[in-house]
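**Student:** So that we are looking at the same thing, I have put the structure below in structure tokens.
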Amino acid sequence: MSPLLRAELLKLRTTRTFVALVGASLALSLLVVVLTGLLSDESGPQDARDLFTADFTGLFIMLLGVIGMAGEWRHRTITGTVLAAPDRLRMMGAKVVAYAAAGVVLSLIVTATIMLVGTIILSSRGFDTVALSDLLDVLWRNLLVAALVGGLGVCIGGLIRNQVVAIIGVLIIGFVMEPALFGLVPEVARFGPTQGAPAGIQDVEPFGDDTPLLSPAVAVLVMLGWIAAFFTAAAVRLKRRDLV
Amino acid sequence: MAPVEVRDLSKRFGSVLAVDNLSFDIEAGRVTAFLGPNGAGKSTTLRALLGLVRPSAGTATFEGHNYDELERPSTKVGAVLEDAAFHPGRTARNHLRVLAATGEHPFARVDTVLADVGLTEAANRRVGGYSMGMRQRLGIAAALLGDPEVLILDEPTNGLDPPGIVWMRGLLREQASRGRAVLVSSHLLSEVAQSVDDVVVISRGRLRGHGTLESVLGGDEGLVTAVRAQDDERLSRALRSAGFTVQRSGDGLLVPGASPEEVGVVAGDAGVYLVALAPQTRSLEQAFLALTGELTAP
């Protein structure tokens, strides 16, 4: 593991932000799974599969990445970070990898927990549960999405340095713009970075319509494209900027 | 090659020329004060040296290398900038562990530098609860983590209480005695005068003086000799003939730029008996202010 990556992972572990976001994500995802499991009149394996996919981790992981990078400006720690790691592009690259890894950890905790709790609730009510192979299929898709949105969050935070503006921007894109696009031009919305492309990887229809999603492979490429675009824009800005 | 070399450095921010064609070196084993009033361009120069701002012209290097070209920079250069900031939710120990990981230093080094700066007891407290002086000490601990060859401190006494200032002076001397090159910026000469060997004085971005403390701020140009003679008029003419300027002061004369010995020789050659002869060195502060243009000569 490179020293920069090690340092970024240590940064993540040594503040309360990561634990708080894991807790919030877990609580919300569990709430949805428990309520749906207890209140549903009927549930088949596909319903349960969709339930385990439709968690809140993606949003929280993206916000974690945004906070991780934009927070360097908010707390004015960017100067110390660049002094310790003068190659600014390598520093940001290490952050992208670290937050991708953090996303995987967060998603693993949340997905495994809701699968366990959801399966217990469904089986206790006599509903069909999801086969282990399908659970593993859901798991790897969730982990892949988590890694990609974690890295994308860092790039967004690198481009939009005002942490509040960056967070609100992500929320508006995720909850307003992309849903609206799905209603208006779904063939465009499926390329979106917060809902469209992740849904293609996870193979779920985010708004219950019959819009054809991107295939998982294409969706991964689209997400990588978003990351590359935001990383390049953020890197150019970071490289040129005087830290006064 | 000097540990720190600044050559023809200029930095312009829009219409403001913050640093104007600045050149100086600092030497190993010596403490160099980087002096100038607020807004003189000190912090901009240090940030250019540390690769945080891009020079408009010129270079600022460590043994000929830009900061961002250094292998494991924390082993070469330790820096504490004026606005050193820390994540408020992270403890001091964890802050240093992050830096140790980046610089590939053993974590045991963290406890060593915490002890060096007197923060062992507070090491596991979140930095958000630290006083300004404690933050300053933490910044210094971070700078010392890699046991660097060059130490750069920007206004290091800000926030320190009197014992802290004494401690800081001791630290500067101790680092220099170990062969380190120490560059310490300040807008208050009195804060650093007791512990520095050399000074670089700038004002409005331009170099105003560079050399030992005495040669720049207390040397010949700062010397004024006060003299009284039985015949002041004859002595005054003789001194002017010898190339000195003479000012009348009360019932005597002031001769800027002349030592008492030089005045005595002129008086002897002219056959003038002296009644009083004494050096009047300007205070360091007066010399500093005059050099930086902050004090108008009477």
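Chain labels run A, B, ... following the order of the structure tokens; each chain numbers its residues from 1, and ligands are numbered from 1 in the order shown.
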Please determine the contact residues of chain A with respect to chain B at a cut-off of 10 Å, counting only C-alpha atoms, and supply them as a PyMOL selection string.

**Tutor:** chain A and resi 2-17+71-72+74-88+91+239-244

**Student:** Taking the chain letters and numbering used in this document, name the residues of stretch 149-233 of chain A that DSSP puts in alpha helix (DSSP H), as number ranges by chain.

**Tutor:** A: 149-159, 163-172, 178-184, 186-189, 196-202, 216-233

**Student:** Using only C-alpha atoms, which of the listed residues (A:Gly126, A:Gly174, A:Gly65, A:Gly58) sits closest to A:Ser43?

**Tutor:**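 Closest to A:Ser43 of all the choices is A:Gly126.
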
**Student:** Find the spatial neighbours of A:Val34, counting only C-alpha atoms, within a cut-off of 9 Å - ignore same-chain residues fewer than 6 positions away - and output them as a tab-separated table (two decimals) with C-alpha atoms, in the first residue's frame.

**Tutor:**
```tsv
chain	number	residue	atom	x	y	z
A	114	ILE	CA	-29.89	-5.60	5.74
A	117	VAL	CA	-32.21	-8.78	8.96
A	118	GLY	CA	-34.41	-8.79	5.86
A	121	ILE	CA	-38.07	-11.02	8.74
```

**Student:** Need to verify the contact set: B:Thr245, 10 Å, only C-alpha atoms, exclusion of same-chain residues closer than 4 positions in sequence. Can you return it as a VMD selection string?

**Tutor:** chain B and resid 236 to 237 239 to 241 254 to 258

**Student:** Write out, as a compact mmCIF listing (two decimals), in the first residue's frame, the residues just selected, with C-alpha atoms.

**Tutor:**
```txt
# COMPACT_ATOMS: atom_id res chain seq x y z
CA SER B 236 32.54 70.31 12.21
CA ARG B 237 34.54 71.72 9.29
CA LEU B 239 34.72 66.26 9.84
CA ARG B 240 32.95 67.52 6.70
CA SER B 241 36.33 67.81 4.98
CA LEU B 254 26.25 63.95 15.97
CA VAL B 255 28.27 62.17 13.28
CA PRO B 256 26.24 59.40 11.60
CA GLY B 257 28.24 56.55 10.12
CA ALA B 258 31.44 57.36 12.03
```

**Student:** Which residues are close to A:Ala131, i.e. within 12 Å by only C-alpha atoms, leaving aside same-chain residues fewer than 3 positions away? Reply as a ChimeraX atom specification.

**Tutor:** /A:44-46,48-49,115,119,128,134-138

**Student:** Residues as selected, C-alpha atoms, written as a tab-separated table (two decimals), in the first residue's frame, can you do that?

**Tutor:**
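out_37.tsv was written with the following content:
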```tsv
chain	number	residue	atom	x	y	z
A	44	GLY	CA	-41.43	-12.72	-3.90
A	45	PRO	CA	-37.72	-13.32	-4.39
A	46	GLN	CA	-37.46	-10.44	-6.92
A	48	ALA	CA	-36.62	-9.06	-1.77
A	49	ARG	CA	-33.73	-8.75	-4.19
A	115	MET	CA	-29.64	-8.95	3.95
A	119	THR	CA	-34.04	-12.54	5.35
A	128	ASP	CA	-39.86	-16.58	-0.14
A	134	ASP	CA	-28.62	-14.05	-5.85
A	135	LEU	CA	-27.54	-12.43	-2.59
A	136	LEU	CA	-23.93	-12.64	-3.73
A	137	ASP	CA	-24.93	-11.16	-7.09
A	138	VAL	CA	-26.57	-8.21	-5.31
```

**Student:** Would you mind telling me which residue in A:Leu39, A:Val176, A:Leu171, A:Ala24 lies nearest to A:Leu106 when using only C-alpha atoms?

**Tutor:** A:Ala24
